[in-house]
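Novice: This is input-v9.cif (mmCIF, C-alpha atoms).
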```cif
data_model
#
loop_
_atom_site.label_atom_id
_atom_site.label_comp_id
_atom_site.auth_asym_id
_atom_site.auth_seq_id
_atom_site.Cartn_x
_atom_site.Cartn_y
_atom_site.Cartn_z
CA MET S 846 137.58 -39.68 -82.97
CA ALA S 847 136.36 -36.26 -81.83
CA GLU S 848 135.20 -34.63 -78.65
CA THR S 849 133.57 -31.20 -78.46
CA LEU S 850 133.83 -29.16 -75.26
CA THR S 851 130.73 -27.01 -74.74
CA PRO S 852 130.65 -26.12 -71.04
CA THR S 853 128.73 -23.35 -69.28
CA ALA S 854 130.74 -20.19 -68.64
CA LEU S 855 131.67 -19.33 -65.07
CA THR S 856 130.09 -16.30 -63.42
CA LEU S 857 131.17 -14.04 -60.56
CA LYS S 858 128.84 -16.04 -58.34
CA ASP S 859 130.81 -19.21 -59.16
CA ILE S 860 134.06 -17.49 -58.19
CA ALA S 861 132.48 -16.23 -54.95
CA ARG S 862 131.22 -19.71 -54.11
CA GLU S 863 134.59 -21.34 -54.79
CA ALA S 864 136.47 -18.73 -52.74
CA GLY S 865 133.91 -18.94 -49.91
CA VAL S 866 133.10 -15.22 -49.94
CA SER S 867 130.23 -12.93 -50.92
CA LEU S 868 129.62 -11.58 -54.40
CA ALA S 869 130.31 -8.06 -53.05
CA THR S 870 133.72 -9.19 -51.81
CA VAL S 871 134.64 -10.55 -55.23
CA ASP S 872 133.60 -7.25 -56.77
CA ARG S 873 135.77 -5.31 -54.32
CA VAL S 874 138.79 -7.51 -55.08
CA LEU S 875 138.29 -7.16 -58.85
CA HIS S 876 138.15 -3.37 -58.58
CA ASN S 877 140.94 -3.08 -55.97
CA ARG S 878 138.66 -1.47 -53.42
CA PRO S 879 139.71 -1.30 -49.75
CA GLY S 880 138.15 -3.21 -46.88
CA VAL S 881 139.15 -6.78 -47.81
CA ARG S 882 141.61 -8.74 -45.69
CA PRO S 883 144.85 -9.80 -47.48
CA ASP S 884 144.10 -13.50 -46.95
CA THR S 885 140.66 -13.08 -48.54
CA VAL S 886 142.17 -11.18 -51.47
CA ARG S 887 144.63 -14.05 -52.02
CA ARG S 888 141.81 -16.60 -51.89
CA VAL S 889 139.66 -14.74 -54.43
CA LYS S 890 142.59 -14.16 -56.78
CA ALA S 891 143.58 -17.83 -56.54
CA ALA S 892 140.05 -18.87 -57.54
CA ILE S 893 140.11 -16.43 -60.47
CA GLU S 894 143.52 -17.63 -61.66
CA ARG S 895 142.66 -21.30 -61.17
CA ASN S 896 139.68 -20.92 -63.50
CA SER S 897 141.36 -18.51 -65.95
CA PHE S 898 138.41 -16.20 -65.28
CA GLN S 899 138.55 -12.75 -66.88
CA PRO S 900 135.13 -11.09 -66.51
CA HIS S 901 135.83 -8.05 -68.68
CA VAL S 902 137.23 -10.12 -71.54
CA ALA S 903 134.36 -12.58 -71.26
CA ALA S 904 131.75 -9.84 -71.34
CA ALA S 905 133.33 -8.23 -74.40
CA GLU S 906 133.46 -11.56 -76.21
CA LEU S 907 129.82 -12.33 -75.47
CA ALA S 908 128.83 -8.87 -76.67
CA ARG S 909 130.37 -9.59 -80.05
CA GLY S 910 127.93 -12.43 -80.55
CA ARG S 911 130.53 -14.44 -82.47
CA ALA S 912 131.01 -18.10 -81.62
CA ARG S 913 134.15 -19.73 -82.99
CA ARG S 914 135.20 -23.33 -83.48
CA PHE S 915 138.78 -24.57 -83.30
CA ALA S 916 140.13 -28.06 -84.02
CA PHE S 917 143.25 -29.65 -82.54
CA VAL S 918 144.66 -32.42 -84.75
CA MET S 919 146.56 -34.70 -82.36
CA PRO S 920 148.50 -37.98 -82.66
CA SER S 921 146.76 -41.28 -82.04
CA GLY S 922 148.40 -43.75 -79.67
CA PRO S 923 149.45 -43.61 -76.02
CA ASN S 924 151.78 -40.59 -76.07
CA PRO S 925 151.59 -39.22 -72.47
CA PHE S 926 152.70 -35.71 -73.40
CA MET S 927 150.08 -35.37 -76.13
CA GLN S 928 147.46 -36.78 -73.78
CA GLN S 929 148.44 -34.09 -71.26
CA ILE S 930 147.84 -31.39 -73.88
CA GLU S 931 144.38 -32.84 -74.58
CA ALA S 932 143.64 -32.97 -70.85
CA TYR S 933 144.60 -29.30 -70.43
CA LEU S 934 142.26 -28.35 -73.26
CA GLY S 935 139.51 -29.96 -71.20
CA GLU S 936 140.57 -27.98 -68.15
CA MET S 937 140.22 -24.76 -70.17
CA ALA S 938 136.49 -25.38 -70.52
CA ALA S 939 135.31 -22.31 -68.60
CA TRP S 940 137.86 -20.03 -70.28
CA LEU S 941 136.77 -21.27 -73.71
CA ALA S 942 133.07 -20.96 -72.99
CA ALA S 943 133.48 -17.41 -71.67
CA ARG S 944 134.83 -16.48 -75.11
CA ARG S 945 132.22 -18.47 -77.01
CA LEU S 946 134.82 -20.94 -78.25
CA SER S 947 134.46 -24.66 -78.77
CA VAL S 948 137.41 -27.01 -79.30
CA GLU S 949 137.22 -30.31 -81.14
CA THR S 950 140.03 -32.84 -80.77
CA VAL S 951 140.69 -34.87 -83.92
CA VAL S 952 142.95 -37.88 -83.39
CA THR S 953 144.86 -39.28 -86.36
CA ASP S 954 148.07 -41.12 -87.31
CA VAL S 955 150.45 -38.17 -87.65
CA PHE S 956 153.23 -40.52 -88.80
CA ASN S 957 151.17 -41.34 -91.90
CA PRO S 958 151.23 -38.28 -94.21
CA SER S 959 148.19 -39.45 -96.20
CA ALA S 960 146.12 -39.96 -93.04
CA LEU S 961 147.21 -36.63 -91.56
CA ALA S 962 146.54 -34.74 -94.81
CA ALA S 963 143.09 -36.36 -95.08
CA SER S 964 142.25 -35.28 -91.51
CA LEU S 965 143.24 -31.70 -92.32
CA GLU S 966 141.33 -31.70 -95.60
CA ALA S 967 138.19 -32.89 -93.79
CA LEU S 968 138.26 -29.73 -91.66
CA SER S 969 138.14 -27.35 -94.63
CA GLY S 970 135.28 -24.88 -94.26
CA ASP S 971 134.39 -26.39 -90.89
CA CYS S 972 136.60 -24.48 -88.44
CA ASP S 973 137.82 -20.97 -87.74
CA GLY S 974 141.19 -22.28 -86.63
CA VAL S 975 143.24 -25.48 -86.61
CA ALA S 976 146.20 -26.44 -84.43
CA VAL S 977 148.07 -29.47 -85.77
CA VAL S 978 150.94 -31.65 -84.59
CA ALA S 979 152.39 -31.87 -88.06
CA LEU S 980 154.61 -34.15 -90.10
CA ASP S 981 156.93 -32.23 -92.41
CA HIS S 982 155.80 -33.79 -95.71
CA PRO S 983 154.70 -32.32 -99.08
CA GLY S 984 151.19 -33.76 -98.76
CA VAL S 985 150.76 -32.31 -95.27
CA ARG S 986 152.19 -28.98 -96.39
CA ALA S 987 149.68 -28.85 -99.25
CA ALA S 988 146.78 -29.65 -96.90
CA ILE S 989 147.85 -26.85 -94.54
CA ASN S 990 148.13 -24.40 -97.44
CA ASP S 991 144.66 -25.37 -98.68
CA LEU S 992 143.20 -24.64 -95.24
CA VAL S 993 144.91 -21.25 -95.17
CA ASP S 994 143.64 -20.46 -98.68
CA ALA S 995 140.12 -21.31 -97.50
CA GLY S 996 140.39 -18.72 -94.72
CA THR S 997 141.21 -21.02 -91.79
CA LYS S 998 143.84 -19.89 -89.30
CA VAL S 999 146.45 -22.65 -88.90
CA VAL S 1000 148.95 -23.08 -86.07
CA THR S 1001 151.50 -25.88 -85.95
CA LEU S 1002 151.88 -27.30 -82.45
CA VAL S 1003 154.98 -29.01 -80.99
CA SER S 1004 156.24 -29.96 -84.49
CA ASP S 1005 156.47 -27.34 -87.23
CA VAL S 1006 156.16 -27.25 -91.03
CA PRO S 1007 157.98 -23.96 -91.71
CA SER S 1008 157.80 -24.34 -95.50
CA SER S 1009 153.99 -24.24 -95.35
CA ARG S 1010 151.92 -21.07 -95.11
CA ARG S 1011 150.84 -21.81 -91.55
CA HIS S 1012 150.30 -18.64 -89.55
CA HIS S 1013 152.32 -19.47 -86.44
CA TYR S 1014 154.30 -22.18 -84.66
CA VAL S 1015 153.73 -22.90 -80.96
CA GLY S 1016 156.48 -24.95 -79.38
CA ILE S 1017 160.01 -25.02 -78.09
CA ASP S 1018 163.30 -24.40 -79.92
CA ASN S 1019 164.00 -28.02 -80.78
CA ILE S 1020 167.57 -27.53 -82.04
CA ALA S 1021 168.45 -25.94 -78.69
CA VAL S 1022 166.70 -28.83 -76.93
CA GLY S 1023 168.72 -31.38 -78.91
CA ARG S 1024 171.92 -29.56 -78.01
CA THR S 1025 170.87 -29.62 -74.36
CA ALA S 1026 170.29 -33.38 -74.57
CA GLY S 1027 173.70 -33.86 -76.16
CA ALA S 1028 175.42 -31.89 -73.41
CA LEU S 1029 173.60 -33.91 -70.75
CA VAL S 1030 174.48 -37.29 -72.27
CA GLY S 1031 178.11 -36.30 -72.87
CA ARG S 1032 178.68 -34.89 -69.40
CA LEU S 1033 176.89 -37.71 -67.59
CA VAL S 1034 178.84 -40.37 -69.51
CA GLY S 1035 181.98 -38.70 -68.18
CA GLN S 1036 185.40 -40.07 -69.14
CA ARG S 1037 184.07 -43.24 -70.75
CA SER S 1038 184.27 -43.78 -74.48
CA GLY S 1039 181.79 -45.79 -76.53
CA LYS S 1040 178.66 -45.50 -78.59
CA VAL S 1041 175.48 -43.46 -78.19
CA ALA S 1042 172.06 -44.62 -79.41
CA ILE S 1043 169.22 -42.35 -80.60
CA MET S 1044 165.56 -43.44 -80.58
CA ALA S 1045 163.13 -41.15 -82.42
CA GLY S 1046 159.47 -41.37 -83.41
CA SER S 1047 160.17 -40.30 -86.98
CA GLN S 1048 162.71 -38.03 -88.61
CA GLY S 1049 159.80 -36.79 -90.71
CA LEU S 1050 158.56 -34.95 -87.62
CA ARG S 1051 160.31 -31.61 -87.68
CA ASP S 1052 160.71 -31.46 -83.90
CA HIS S 1053 162.41 -34.88 -83.84
CA ALA S 1054 164.67 -34.03 -86.82
CA GLU S 1055 165.74 -30.74 -85.24
CA ARG S 1056 166.45 -32.36 -81.88
CA ILE S 1057 168.62 -34.98 -83.58
CA PHE S 1058 170.45 -32.23 -85.51
CA GLY S 1059 171.21 -30.30 -82.33
CA PHE S 1060 172.24 -33.46 -80.48
CA ASN S 1061 174.66 -34.52 -83.23
CA GLN S 1062 176.16 -31.02 -83.33
CA VAL S 1063 177.19 -31.23 -79.69
CA MET S 1064 178.35 -34.84 -79.92
CA ALA S 1065 180.59 -34.08 -82.89
CA THR S 1066 182.15 -30.90 -81.49
CA GLU S 1067 182.36 -31.53 -77.75
CA PHE S 1068 182.53 -35.30 -77.20
CA PRO S 1069 184.78 -36.85 -79.87
CA ASP S 1070 185.23 -40.06 -77.84
CA LEU S 1071 181.52 -40.84 -78.26
CA SER S 1072 180.30 -42.33 -81.53
CA VAL S 1073 176.62 -41.78 -82.43
CA LEU S 1074 174.84 -44.76 -84.00
CA PRO S 1075 172.25 -44.43 -86.80
CA VAL S 1076 168.84 -43.21 -85.60
CA LEU S 1077 166.17 -45.79 -84.78
CA GLU S 1078 162.55 -44.85 -85.58
CA GLY S 1079 160.05 -46.33 -83.15
CA ARG S 1080 156.99 -44.25 -84.20
CA ASP S 1081 156.62 -43.31 -80.49
CA GLU S 1082 155.32 -46.86 -79.90
CA ASP S 1083 156.43 -48.81 -76.83
CA ASP S 1084 156.58 -52.28 -78.44
CA ARG S 1085 158.39 -51.14 -81.56
CA SER S 1086 160.85 -49.04 -79.54
CA GLU S 1087 161.57 -51.95 -77.21
CA GLN S 1088 162.26 -54.33 -80.09
CA LEU S 1089 164.50 -51.94 -81.99
CA LEU S 1090 166.54 -50.88 -78.98
CA GLY S 1091 166.78 -54.44 -77.63
CA ARG S 1092 168.27 -55.57 -80.94
CA LEU S 1093 170.72 -52.65 -80.93
CA LEU S 1094 171.86 -53.33 -77.37
CA ARG S 1095 172.54 -56.97 -78.24
CA SER S 1096 174.61 -55.88 -81.23
CA HIS S 1097 176.67 -53.21 -79.44
CA ALA S 1098 178.08 -54.05 -76.03
CA ASP S 1099 179.80 -50.65 -75.84
CA ILE S 1100 176.71 -48.42 -75.83
CA VAL S 1101 177.17 -45.92 -72.97
CA GLY S 1102 174.51 -43.33 -73.77
CA LEU S 1103 170.97 -43.11 -75.10
CA TYR S 1104 168.80 -40.19 -76.20
CA ASN S 1105 165.08 -40.88 -76.59
CA VAL S 1106 163.87 -38.02 -78.78
CA GLY S 1107 160.11 -38.56 -78.44
CA ALA S 1108 157.75 -41.01 -76.73
CA GLY S 1109 157.89 -44.82 -76.52
CA THR S 1110 159.68 -44.31 -73.21
CA GLN S 1111 158.23 -47.39 -71.55
CA GLY S 1112 159.54 -49.62 -74.35
CA VAL S 1113 162.95 -47.95 -74.25
CA ALA S 1114 163.21 -48.43 -70.48
CA LYS S 1115 162.10 -52.06 -70.74
CA ALA S 1116 164.75 -52.83 -73.36
CA LEU S 1117 167.42 -51.24 -71.14
CA SER S 1118 166.28 -53.15 -68.05
CA GLU S 1119 166.05 -56.49 -69.84
CA SER S 1120 169.58 -56.02 -71.17
CA GLY S 1121 170.78 -55.59 -67.57
CA ARG S 1122 172.40 -52.28 -68.51
CA ASP S 1123 169.83 -49.82 -67.18
CA LYS S 1124 172.29 -48.56 -64.56
CA GLN S 1125 175.28 -48.39 -66.95
CA VAL S 1126 173.74 -46.59 -69.96
CA VAL S 1127 173.06 -42.86 -69.51
CA PHE S 1128 169.43 -42.35 -70.55
CA VAL S 1129 168.10 -38.87 -71.38
CA GLY S 1130 164.55 -38.36 -72.62
CA HIS S 1131 161.64 -35.96 -72.59
CA ASP S 1132 158.72 -34.80 -70.47
CA VAL S 1133 157.68 -35.30 -66.86
CA THR S 1134 154.94 -37.93 -66.67
CA ALA S 1135 154.01 -40.58 -64.13
CA LEU S 1136 156.25 -43.00 -66.04
CA THR S 1137 159.31 -40.74 -66.34
CA ARG S 1138 158.98 -39.77 -62.66
CA ARG S 1139 159.19 -43.44 -61.72
CA LEU S 1140 162.12 -44.09 -64.06
CA LEU S 1141 164.02 -41.09 -62.68
CA LEU S 1142 163.44 -42.22 -59.10
CA GLN S 1143 164.56 -45.76 -59.98
CA GLY S 1144 167.73 -44.49 -61.63
CA VAL S 1145 166.81 -46.02 -64.99
CA MET S 1146 166.43 -42.57 -66.54
CA ASP S 1147 169.03 -39.91 -65.79
CA ALA S 1148 167.34 -36.72 -67.01
CA ALA S 1149 164.12 -35.55 -68.64
CA ILE S 1150 163.89 -32.36 -70.68
CA SER S 1151 160.47 -31.00 -69.83
CA GLN S 1152 158.16 -28.60 -71.64
CA ASN S 1153 154.88 -27.48 -70.12
CA PRO S 1154 151.92 -29.14 -71.91
CA GLY S 1155 149.44 -26.80 -70.22
CA HIS S 1156 151.32 -23.75 -71.48
CA GLU S 1157 151.41 -25.18 -75.01
CA ALA S 1158 147.68 -25.91 -75.01
CA ARG S 1159 146.86 -22.42 -73.72
CA ALA S 1160 149.31 -20.73 -76.08
CA ALA S 1161 147.89 -22.50 -79.14
CA VAL S 1162 144.33 -21.46 -78.25
CA ARG S 1163 145.39 -17.86 -77.51
CA VAL S 1164 147.30 -17.60 -80.79
CA LEU S 1165 144.37 -19.00 -82.80
CA LEU S 1166 142.01 -16.58 -81.07
CA ALA S 1167 144.29 -13.61 -81.77
CA LEU S 1168 144.57 -14.65 -85.42
CA ALA S 1169 140.79 -15.06 -85.72
CA ARG S 1170 140.25 -11.58 -84.22
CA GLY S 1171 142.97 -10.01 -86.36
CA GLU S 1172 144.95 -9.05 -83.26
CA PRO S 1173 148.77 -9.07 -82.91
CA ILE S 1174 150.45 -12.10 -81.37
CA LEU S 1175 152.67 -11.37 -78.40
CA ARG S 1176 155.51 -13.73 -79.26
CA GLU S 1177 157.37 -13.44 -75.97
CA GLN S 1178 154.16 -14.22 -74.07
CA GLU S 1179 153.75 -17.44 -76.08
CA LYS S 1180 157.39 -18.54 -75.77
CA ILE S 1181 157.61 -22.06 -74.36
CA ARG S 1182 160.36 -22.69 -71.82
CA ILE S 1183 162.11 -25.96 -71.02
CA ASP S 1184 163.31 -27.42 -67.73
CA ILE S 1185 165.91 -30.09 -67.04
CA VAL S 1186 164.49 -32.52 -64.49
CA MET S 1187 166.57 -35.10 -62.64
CA ARG S 1188 165.87 -37.34 -59.67
CA ASP S 1189 166.98 -34.75 -57.12
CA ASN S 1190 164.84 -31.88 -58.47
CA LEU S 1191 161.64 -33.70 -59.41
CA PRO S 1192 158.73 -31.24 -59.14
#
```
Represent the structure of the file as structure tokens.
Specialist:
Amino acid sequence: MAETLTPTALTLKDIAREAGVSLATVDRVLHNRPGVRPDTVRRVKAAIERNSFQPHVAAAELARGRARRFAFVMPSGPNPFMQQIEAYLGEMAAWLAARRLSVETVVTDVFNPSALAASLEALSGDCDGVAVVALDHPGVRAAINDLVDAGTKVVTLVSDVPSSRRHHYVGIDNIAVGRTAGALVGRLVGQRSGKVAIMAGSQGLRDHAERIFGFNQVMATEFPDLSVLPVLEGRDEDDRSEQLLGRLLRSHADIVGLYNVGAGTQGVAKALSESGRDKQVVFVGHDVTALTRRLLLQGVMDAAISQNPGHEARAAVRVLLALARGEPILREQEKIRIDIVMRDNLP
């Protein structure tokens, strides 16, 4: 499944029309000339920022006469966070077109190393750059290395394969995130003792493995009265996650905490609710979506650790573009922050 974004680049006239001002006014704002009211300046700058419009950069890119093609290899299935990244790539249409870039989204089963490796191999010689949500597996590592050897710039996105020769990783510090989740679960459980469940997509995904590592570190050192159960792997699928967690809840009446490392959140929440323990078990998960908002408001979910999908999409494209141009990557600029979201501070 692939979709190519080939929109028409925005012009100064488009910015003027959106801001409701003349072309001359836009020009004065861009060049910091006097004679424009502060409210009008704010309106023009908001339109420019909203559309990621940079006229000087766009003009320079067009003058180079070099069109580039990037591919984003994304997970199949209904993962809301990954769908948000894809949606933000669509919203970058004008920014991409102004730089003569096209982005193709390739959807594959990232939990299947053979399928993921085959998707990467199919892109050889076809793209200037590839961003991939990667499984840490020898076959996937080899496919990444082959792309690099063929001259393709490769960025791992969200989940890394550090032993490969990929050029850069765009994502959060997942060990720190896991430690944050552990601290949240432990503190919210309070003085109770009991067991803690972990639901992951796959421990073969580096981001999930690192989050689990960080979580277990905190549990072992700071909350000795809590016993962590073996990790369940739901492949980020709602039905599978519901079945696995439902079975675990029936087997362990003393579960007091739950960390959902990846997606499958709807299935996890359903298993908790059907067990009648959705208000007793502390539930910490990831990402702010329509579903997690509702679960937080209902009190089923206690906290969501959020990363900005728009920032990750933009950072991956910017890093690929810098690599393709042979320019340095500003690491601090591409650093992805996290937020802890609870019912009382929902954005």
Novice: Skip Ser1086 in chain S itself and residues of its chain fewer than 3 positions away, then list as a ChimeraX atom specification all residues within 7 Å of it, counting all atoms listed in the file.
Specialist: /S:1079,1082-1083,1089-1090,1109,1112-1113
Novice: Output C-alpha atoms of each residue in that selection to a file, as a short mmCIF file (atom, residue, chain, number, x, y, z; two decimals), keeping the file's coordinate frame.
Specialist:
```
data_model
loop_
_atom_site.label_atom_id
_atom_site.label_comp_id
_atom_site.auth_asym_id
_atom_site.auth_seq_id
_atom_site.Cartn_x
_atom_site.Cartn_y
_atom_site.Cartn_z
CA GLY S 1079 160.05 -46.33 -83.15
CA GLU S 1082 155.32 -46.86 -79.90
CA ASP S 1083 156.43 -48.81 -76.83
CA LEU S 1089 164.50 -51.94 -81.99
CA LEU S 1090 166.54 -50.88 -78.98
CA GLY S 1109 157.89 -44.82 -76.52
CA GLY S 1112 159.54 -49.62 -74.35
CA VAL S 1113 162.95 -47.95 -74.25
#
```
Novice: If the PyMOL selection byres ((chain S and resi 1191) around 10) were run on this exact file, what residues would it hold? Put them as a compact mmCIF listing (two decimals) with C-alpha atoms, in the frame of the given file.
Specialist:
```
# COMPACT_ATOMS: atom_id res chain seq x y z
CA VAL S 1133 157.68 -35.30 -66.86
CA ARG S 1138 158.98 -39.77 -62.66
CA LEU S 1141 164.02 -41.09 -62.68
CA LEU S 1142 163.44 -42.22 -59.10
CA ALA S 1148 167.34 -36.72 -67.01
CA ALA S 1149 164.12 -35.55 -68.64
CA ILE S 1185 165.91 -30.09 -67.04
CA VAL S 1186 164.49 -32.52 -64.49
CA MET S 1187 166.57 -35.10 -62.64
CA ARG S 1188 165.87 -37.34 -59.67
CA ASP S 1189 166.98 -34.75 -57.12
CA ASN S 1190 164.84 -31.88 -58.47
CA PRO S 1192 158.73 -31.24 -59.14
```
Novice: List as a list in words the protein and nucleic acid residues near range 866-881 of chain S, meaning an atom at most 8 Å away when only C-alpha atoms are counted, but skip any in the same chain fewer than 6 places from it.
Specialist: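 Counting only C-alpha atoms, the residues come to Leu857, Lys858, Ile860, Val889 and Lys890 of chain S.
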Novice: Go through S:Leu992, S:Leu1050, S:Ala976, S:Val1022 and flag the residue nearest Ser1004 in chain S, using only C-alpha atoms for the distances.
Specialist: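 For Ser1004 in chain S, the nearest of the given residues is S:Leu1050.
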Novice: Need the neighbours of (141.9, -24.7, -94.1): which residues are at most 8 Å away, counting all atoms listed in the file, as a ChimeraX atom specification?
Specialist: /S:965-966,968-970,972,974-975,988-999
Novice: How would the residues just picked look written out with C-alpha atoms as a PDB file, keeping the file's coordinate frame?
Specialist:
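For reference, part-v6.pdb as written:
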```
ATOM      1  CA  LEU S 965     143.240 -31.700 -92.320  1.00  0.00           C
ATOM      2  CA  GLU S 966     141.330 -31.700 -95.600  1.00  0.00           C
ATOM      3  CA  LEU S 968     138.260 -29.730 -91.660  1.00  0.00           C
ATOM      4  CA  SER S 969     138.140 -27.350 -94.630  1.00  0.00           C
ATOM      5  CA  GLY S 970     135.280 -24.880 -94.260  1.00  0.00           C
ATOM      6  CA  CYS S 972     136.600 -24.480 -88.440  1.00  0.00           C
ATOM      7  CA  GLY S 974     141.190 -22.280 -86.630  1.00  0.00           C
ATOM      8  CA  VAL S 975     143.240 -25.480 -86.610  1.00  0.00           C
ATOM      9  CA  ALA S 988     146.780 -29.650 -96.900  1.00  0.00           C
ATOM     10  CA  ILE S 989     147.850 -26.850 -94.540  1.00  0.00           C
ATOM     11  CA  ASN S 990     148.130 -24.400 -97.440  1.00  0.00           C
ATOM     12  CA  ASP S 991     144.660 -25.370 -98.680  1.00  0.00           C
ATOM     13  CA  LEU S 992     143.200 -24.640 -95.240  1.00  0.00           C
ATOM     14  CA  VAL S 993     144.910 -21.250 -95.170  1.00  0.00           C
ATOM     15  CA  ASP S 994     143.640 -20.460 -98.680  1.00  0.00           C
ATOM     16  CA  ALA S 995     140.120 -21.310 -97.500  1.00  0.00           C
ATOM     17  CA  GLY S 996     140.390 -18.720 -94.720  1.00  0.00           C
ATOM     18  CA  THR S 997     141.210 -21.020 -91.790  1.00  0.00           C
ATOM     19  CA  LYS S 998     143.840 -19.890 -89.300  1.00  0.00           C
ATOM     20  CA  VAL S 999     146.450 -22.650 -88.900  1.00  0.00           C
TER      21      VAL S 999
END
```
Novice: Scan for residues within 12 Å of the point (177.4, -38.9, -73.6) in the coordinates of the file, using only C-alpha atoms, and reply as an mmCIF file with C-alpha atoms, keeping the file's coordinate frame.
Specialist:
```cif
data_model
loop_
_atom_site.group_PDB
_atom_site.id
_atom_site.type_symbol
_atom_site.label_atom_id
_atom_site.label_comp_id
_atom_site.auth_asym_id
_atom_site.auth_seq_id
_atom_site.Cartn_x
_atom_site.Cartn_y
_atom_site.Cartn_z
ATOM 1 C CA ARG S 1024 171.920 -29.560 -78.010
ATOM 2 C CA THR S 1025 170.870 -29.620 -74.360
ATOM 3 C CA ALA S 1026 170.290 -33.380 -74.570
ATOM 4 C CA GLY S 1027 173.700 -33.860 -76.160
ATOM 5 C CA ALA S 1028 175.420 -31.890 -73.410
ATOM 6 C CA LEU S 1029 173.600 -33.910 -70.750
ATOM 7 C CA VAL S 1030 174.480 -37.290 -72.270
ATOM 8 C CA GLY S 1031 178.110 -36.300 -72.870
ATOM 9 C CA ARG S 1032 178.680 -34.890 -69.400
ATOM 10 C CA LEU S 1033 176.890 -37.710 -67.590
ATOM 11 C CA VAL S 1034 178.840 -40.370 -69.510
ATOM 12 C CA GLY S 1035 181.980 -38.700 -68.180
ATOM 13 C CA GLN S 1036 185.400 -40.070 -69.140
ATOM 14 C CA ARG S 1037 184.070 -43.240 -70.750
ATOM 15 C CA SER S 1038 184.270 -43.780 -74.480
ATOM 16 C CA GLY S 1039 181.790 -45.790 -76.530
ATOM 17 C CA LYS S 1040 178.660 -45.500 -78.590
ATOM 18 C CA VAL S 1041 175.480 -43.460 -78.190
ATOM 19 C CA ALA S 1042 172.060 -44.620 -79.410
ATOM 20 C CA ILE S 1043 169.220 -42.350 -80.600
ATOM 21 C CA PHE S 1060 172.240 -33.460 -80.480
ATOM 22 C CA ASN S 1061 174.660 -34.520 -83.230
ATOM 23 C CA VAL S 1063 177.190 -31.230 -79.690
ATOM 24 C CA MET S 1064 178.350 -34.840 -79.920
ATOM 25 C CA ALA S 1065 180.590 -34.080 -82.890
ATOM 26 C CA GLU S 1067 182.360 -31.530 -77.750
ATOM 27 C CA PHE S 1068 182.530 -35.300 -77.200
ATOM 28 C CA PRO S 1069 184.780 -36.850 -79.870
ATOM 29 C CA ASP S 1070 185.230 -40.060 -77.840
ATOM 30 C CA LEU S 1071 181.520 -40.840 -78.260
ATOM 31 C CA SER S 1072 180.300 -42.330 -81.530
ATOM 32 C CA VAL S 1073 176.620 -41.780 -82.430
ATOM 33 C CA ILE S 1100 176.710 -48.420 -75.830
ATOM 34 C CA VAL S 1101 177.170 -45.920 -72.970
ATOM 35 C CA GLY S 1102 174.510 -43.330 -73.770
ATOM 36 C CA LEU S 1103 170.970 -43.110 -75.100
ATOM 37 C CA TYR S 1104 168.800 -40.190 -76.200
ATOM 38 C CA GLN S 1125 175.280 -48.390 -66.950
ATOM 39 C CA VAL S 1126 173.740 -46.590 -69.960
ATOM 40 C CA VAL S 1127 173.060 -42.860 -69.510
ATOM 41 C CA PHE S 1128 169.430 -42.350 -70.550
ATOM 42 C CA VAL S 1129 168.100 -38.870 -71.380
ATOM 43 C CA ASP S 1147 169.030 -39.910 -65.790
#
```
Novice: With all atoms listed in the file as the atoms that count, which of S:Leu1175, S:Val985, S:Ser964, S:Glu1055 lies nearest to Arg1163 in chain S?
Specialist: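 Checking each of S:Leu1175, S:Val985, S:Ser964, S:Glu1055 against Arg1163 in chain S, counting all atoms listed in the file, the winner is S:Leu1175.
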Novice: Report, in Å to a single decimal, how far apart CA of Gln929 in chain S and CA of Gly1155 in chain S are.
Specialist: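 Computed distance, CA of Gly1155 in chain S to CA of Gln929 in chain S, equals 7.4 Å.
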